[in-house]
Every structure is written in structure tokens, then in C-alpha cells.
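Beneath this line is the structure, given in C-alpha cells, with notes to follow.
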Amino acid sequence: MAENHFDLMVIGTGPAGLTAAIYARRMGLEVAVFGDTPGGNLVKIELVANYPGFMGGISGAQLGTMMYAQAQSEGAFIPLARLDKLKYEENEFLGITEAGEQYRAPAAIVASGVVPNRVDVPNADKEGIYYCSLCDGPLFRNKNATLAVLGGGNMAVHEALSLANFGKRVLIIHRGERLRAEAALRKAIEETSNIEVILNAKLLSFCAGEKIECVTVALPGQGNVDIPVDGVFVAIGWGADLGVIQLPVKTSAEGFLKTDDKLMTSIPGLFAAGDVRDTDLRQIVTACADGARAATYAHDFLREHVKKRRSS
């Protein structure tokens, strides 16, 4: 097989993409996997406590590295390079990396995951706003810092628990009446002395000079309140990472890829797996399940593809 030609291209090196690569290789497919971070967004999770088989939990980075190593051991080609574009021409998918290298395959699985939603309020472009506690939390070690986390879901709580190791005081600022995070995470917050929760807080703006100095929120019965902070970590949800997909593929109103019962998108031969897909549950275990299913259905598609080609 030509060096740049594969049976299947997988876009994404997170749990869905790496699982898809493992299953596809075990079914005999030549697979190329694109992405620059083993484990994808797993590296942002300090402790994964709900993935089966790891009593006491495992760090996201370690779990991602193990998945990556397993996909490699099965023979998947993983250049640790991101695709810049995914197109369709001459009855094949064409993937072009940021370095200009080209790869072709008759089938592809989009498992590119999600990217964090940004805030759109005054001074949101100033220094001091972050989107990854494990990446940037250590900047505040031993600085007696007050850190704010915007959001109320599982990721916001994960961020706060991580930041509690670096900041003197961590504030979870949430617009709702209660946190949406699962019960086990809410309990972990209650047991962490330097984390406080501020509810019913509508974000209005950031006050800043050269960098963020405070968060301005509207609180019931108090009006607009300035909360002094040294850094803000944003965890207000996610959007599908579809920047490389240059194809007229159908998405949901929220921008996630729509798929049929075999995880195929509106474009024949293009499948989707994991968080990038329009699904009701985004967890590591469901991403892995998606990856296994997408690889299996891609294998079936390719078998029919070859059959049709031989009979034509």
C-alpha cells in the first residue's frame, strides 16, 4: 500500500479515536490517526474516577498515554500531527496536515472531540483567563491566589478541585441555582476547605488593567458585585471541534455531527465518534464505545465499497 494511502483515517487522538484505531487494526484495516496530543482532552483531567477497571482512579494523562500506546502496538500509524483540512475528492477522503503532507482513504472517522466555549463579555481578551487548570494552575503555586472557575458542570468542578492544590481560595461562580455536577463531585467540593460556591451569579464583565483583576457578577438582592481574583478559569461548556472538516456535513443546532444508527454522518463513508457527535452523554466510556462501533461500521462500509468496485 502506498505510503500516504490507508483504508481508514481517524481524526482525533482522544478515547474515541484511539479506540477506533485499535478496533480497526484488529479487523485488518490500515489506519492513520491524526492529532497532536495522546489522549486528547484527557490530559486536562487530573483524576478519572469513573472509568471501569481503575479502582481509586487514574490520571487522565496516564489513561490517554496507555490508550495511545495500545493503538500504536496494534500497528496504527500515528504521526502526532494535526490535520489542517479534510476534503473529499476522487471518491476518497483527503487529509492535509498542517505541514502540507497528504493522506488518502476511502473512509474516515471524525473523533476530534470538543473545544471549550469562550466567554463574550467586556475584557474577556485580557491576560488572566485560562481554560485548563492542569496547564495553567501551577502558575499560581505559592502565590496566595484567589482563583475563579466559571461553570457548574462536571468539568467546572474538576477544574476547581485541581486548582485547590494551587490557589489559597477557589470560587466556583455559576449562573444556576445549583451545580449540575454529579453527586460524587459535589461531595468532593464540600470536603475541600478552600473551595466556595457562588450560585445565581450572572457574569457581566471582567475588570482589568493589563490583566484580570476581578469578576463582575449580578447577584440576587445585591446588584452588581466585583469579586477580586488573580485568575479566571472558564468551564462553561463545549462546542464540537470541526475546524478541519471542509465538507457539507449535517450538524445539530448546537453544531455537533448528526449520525445514523451506524454512526455514519450525512456523507457516505464519513463516520463520527465521541464528543463531536450529537449524543446525549459525553463520557470517556461512551466515547470508547463509539470508537469501537464506528470502526466496526467503517469496516463493513469498506467491505461493501470493495465489493461494488470489483463488480463495476
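Chain labels run A, B, ... following the order of the C-alpha cells; each chain numbers its residues from 1, and ligands are numbered from 1 in the order shown.
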Closest atom pairs, region 15-131 of chain A residues within 9 Å of region 297-301 of chain A, only C-alpha atoms, as a Markdown table:
```
| residue | atom | partner | partner_atom | distance |
| --- | --- | --- | --- | --- |
| A:Ala24 | CA | A:His299 | CA | 7.1 |
| A:Met27 | CA | A:His299 | CA | 7.4 |
| A:Gly28 | CA | A:His299 | CA | 8.9 |
| A:Leu29 | CA | A:His299 | CA | 7.5 |
| A:Ala107 | CA | A:Ala298 | CA | 6.7 |
| A:Ala108 | CA | A:Ala298 | CA | 7.7 |
| A:Ile109 | CA | A:Ala298 | CA | 7.9 |
```
Write to file, as a CSV table (one decimal), in the first residue's frame, the residues of the selection just made, with N, CA and C atoms.
```csv
chain,number,residue,atom,x,y,z
A,24,ALA,N,-10.1,-1.0,14.5
A,24,ALA,CA,-9.9,-1.1,13.1
A,24,ALA,C,-8.7,-1.9,12.7
A,27,MET,N,-9.3,-5.6,13.0
A,27,MET,CA,-10.1,-6.1,11.9
A,27,MET,C,-9.3,-6.1,10.6
A,28,GLY,N,-8.0,-5.7,10.6
A,28,GLY,CA,-7.1,-5.8,9.5
A,28,GLY,C,-7.0,-4.6,8.6
A,29,LEU,N,-7.6,-3.4,9.1
A,29,LEU,CA,-7.5,-2.2,8.3
A,29,LEU,C,-6.2,-1.5,8.5
A,107,ALA,N,-12.5,5.8,3.7
A,107,ALA,CA,-13.4,6.0,4.8
A,107,ALA,C,-12.6,6.8,5.9
A,108,ALA,N,-13.4,7.5,6.7
A,108,ALA,CA,-12.8,8.3,7.7
A,108,ALA,C,-13.7,8.4,8.9
A,109,ILE,N,-13.2,8.5,10.1
A,109,ILE,CA,-13.9,8.7,11.4
A,109,ILE,C,-13.5,10.0,12.0
```
Closest-contact table, region 55-172 of chain A side, partner region 210-230 of chain A, 6 Å, counting only C-alpha atoms, as a Markdown table:
```
| residue | atom | partner | partner_atom | distance |
| --- | --- | --- | --- | --- |
| A:Lys126 | CA | A:Lys211 | CA | 5.4 |
| A:Glu127 | CA | A:Lys211 | CA | 4.5 |
| A:Gly128 | CA | A:Ile212 | CA | 5.2 |
| A:Ala145 | CA | A:Asp230 | CA | 5.8 |
| A:Thr146 | CA | A:Val229 | CA | 5.1 |
| A:Leu147 | CA | A:Val229 | CA | 5.6 |
```
**Asked** Hey, what does DSSP flag as strand (DSSP E) within region 61-291 of chain A? Can you give it to me as a ChimeraX atom specification?
**Response** /A:83-89,92-97,102-105,107-110,114-116,129-130,146-150,169-173,195-198,202-208,212-219,223-228,231-234,238-240,270-272
**Message:** Residues near region 251-265 of chain A, anyone? I mean within 10 Å using only C-alpha atoms, not counting same-chain ones fewer than 4 positions away, as a PyMOL selection string.
**Reply:** chain A and resi 108-110+113-114+238-242+269-273+275-279+290-291+293-298+301
**Item:** Residue contacts of Thr19 (chain A) (8 Å, only C-alpha atoms) excluding same-chain residues fewer than 6 positions away, as a ChimeraX atom specification
**Value:** /A:67,71,288-289,291-292
Go ahead and dump the residues you just picked, N, CA and C atoms, as a PDB file, in the first residue's frame.
```pdb
ATOM      1  N   MET A  67      -3.842   4.390  26.226  1.00  0.00           N
ATOM      2  CA  MET A  67      -4.650   4.148  25.029  1.00  0.00           C
ATOM      3  C   MET A  67      -3.822   4.373  23.765  1.00  0.00           C
ATOM      4  N   ALA A  71      -2.879   1.600  20.829  1.00  0.00           N
ATOM      5  CA  ALA A  71      -3.166   1.790  19.403  1.00  0.00           C
ATOM      6  C   ALA A  71      -1.897   1.633  18.573  1.00  0.00           C
ATOM      7  N   CYS A 288     -15.334   5.679  24.025  1.00  0.00           N
ATOM      8  CA  CYS A 288     -14.684   4.426  23.626  1.00  0.00           C
ATOM      9  C   CYS A 288     -15.669   3.514  22.906  1.00  0.00           C
ATOM     10  N   ALA A 289     -16.896   3.436  23.428  1.00  0.00           N
ATOM     11  CA  ALA A 289     -17.909   2.605  22.777  1.00  0.00           C
ATOM     12  C   ALA A 289     -18.185   3.110  21.366  1.00  0.00           C
ATOM     13  N   GLY A 291     -16.114   4.703  19.468  1.00  0.00           N
ATOM     14  CA  GLY A 291     -14.958   4.387  18.640  1.00  0.00           C
ATOM     15  C   GLY A 291     -14.986   2.962  18.140  1.00  0.00           C
ATOM     16  N   ALA A 292     -15.355   2.028  19.029  1.00  0.00           N
ATOM     17  CA  ALA A 292     -15.441   0.619  18.640  1.00  0.00           C
ATOM     18  C   ALA A 292     -16.524   0.420  17.588  1.00  0.00           C
TER      19      ALA A 292
END
```
**Request:** Have a look at A:Gly152, A:Gly17, A:Gly176, A:Gly231 and name the one nearest to Gly40 (chain A); count only C-alpha atoms.
**Result:**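 Once distances to Gly40 (chain A) are computed over only C-alpha atoms, the minimum belongs to A:Gly17.
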**Asked** Suppose you want the space between CA of Gly57 (chain A) and CA of Lys168 (chain A); what is it in Å?
**Response** 25.3 Å
**Asked** Can you list, as a ChimeraX atom specification, every protein, DNA or RNA residue that comes within 12 Å of Glu191 (chain A) when you count only C-alpha atoms, leaving out same-chain residues fewer than 6 positions away?
**Response** /A:161,164,184-185
**Item:** Given only C-alpha atoms as the counted atoms, nearest of A:Asp84, A:Gln102, A:His158, A:Val115 to Gly60 (chain A)
**Value:**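 For Gly60 (chain A), the nearest of the candidates is A:His158.
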**Asked** Which one is closest to Tyr131 (chain A): A:Leu18, A:Leu83, A:Leu199, A:Leu150? Count only C-alpha atoms.
**Response**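 Closest residue, counting only C-alpha atoms: A:Leu150.
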**Message:** Would you compute the distance between CA of Phe166 (chain A) and CA of Ala201 (chain A)? Give it in Å to one decimal.
**Reply:**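 Spanning CA of Phe166 (chain A) to CA of Ala201 (chain A) is a straight-line distance of 24.0 Å.
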Using DSSP on the backbone coordinates, identify the residues of region 242-296 of chain A assigned to alpha helix (DSSP H); present them as a tab-separated table (two decimals) with C-alpha atoms, in the first residue's frame.
```tsv
chain	number	residue	atom	x	y	z
A	284	ILE	CA	-14.89	8.58	28.32
A	285	VAL	CA	-16.59	5.19	28.37
A	286	THR	CA	-19.22	6.25	25.79
A	287	ALA	CA	-16.52	7.76	23.59
A	288	CYS	CA	-14.68	4.43	23.63
A	289	ALA	CA	-17.91	2.60	22.78
A	290	ASP	CA	-18.48	5.00	19.89
A	291	GLY	CA	-14.96	4.39	18.64
A	292	ALA	CA	-15.44	0.62	18.64
A	293	ARG	CA	-18.79	0.89	16.84
A	294	ALA	CA	-17.57	3.43	14.28
A	295	ALA	CA	-14.56	1.27	13.41
A	296	THR	CA	-16.78	-1.80	13.01
```
**Asked** Between A:Leu86, A:Ala183, A:Met66, A:Cys207, which one has atoms that come closest to Val10 (chain A), using only C-alpha atoms?
**Response**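 Closest to Val10 (chain A), using only C-alpha atoms: A:Leu86.
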**Message:** What does the structure give for the distance between CA of Asp36 (chain A) and CA of Pro15 (chain A), in Å to one decimal?
**Reply:**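 Taking CA of Asp36 (chain A) as the start and CA of Pro15 (chain A) as the end point, the length is 13.5 Å.
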**Request:** Tell me which protein, DNA and RNA residues are within 8 Å of Cys135 (chain A), counting only C-alpha atoms, leaving out same-chain ones fewer than 3 positions away, and put them as a PyMOL selection string.
**Result:** chain A and resi 44+132+138
Take the residues just selected and output them with C-alpha atoms as a PDB file, in the first residue's frame.
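To be explicit, this is the file written out as result-v3.pdb:
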```
ATOM      1  CA  LYS A  44      -6.910  18.149  31.206  1.00  0.00           C
ATOM      2  CA  CYS A 132      -7.072  24.347  31.573  1.00  0.00           C
ATOM      3  CA  PRO A 138       0.760  25.751  38.525  1.00  0.00           C
TER       4      PRO A 138
END
```
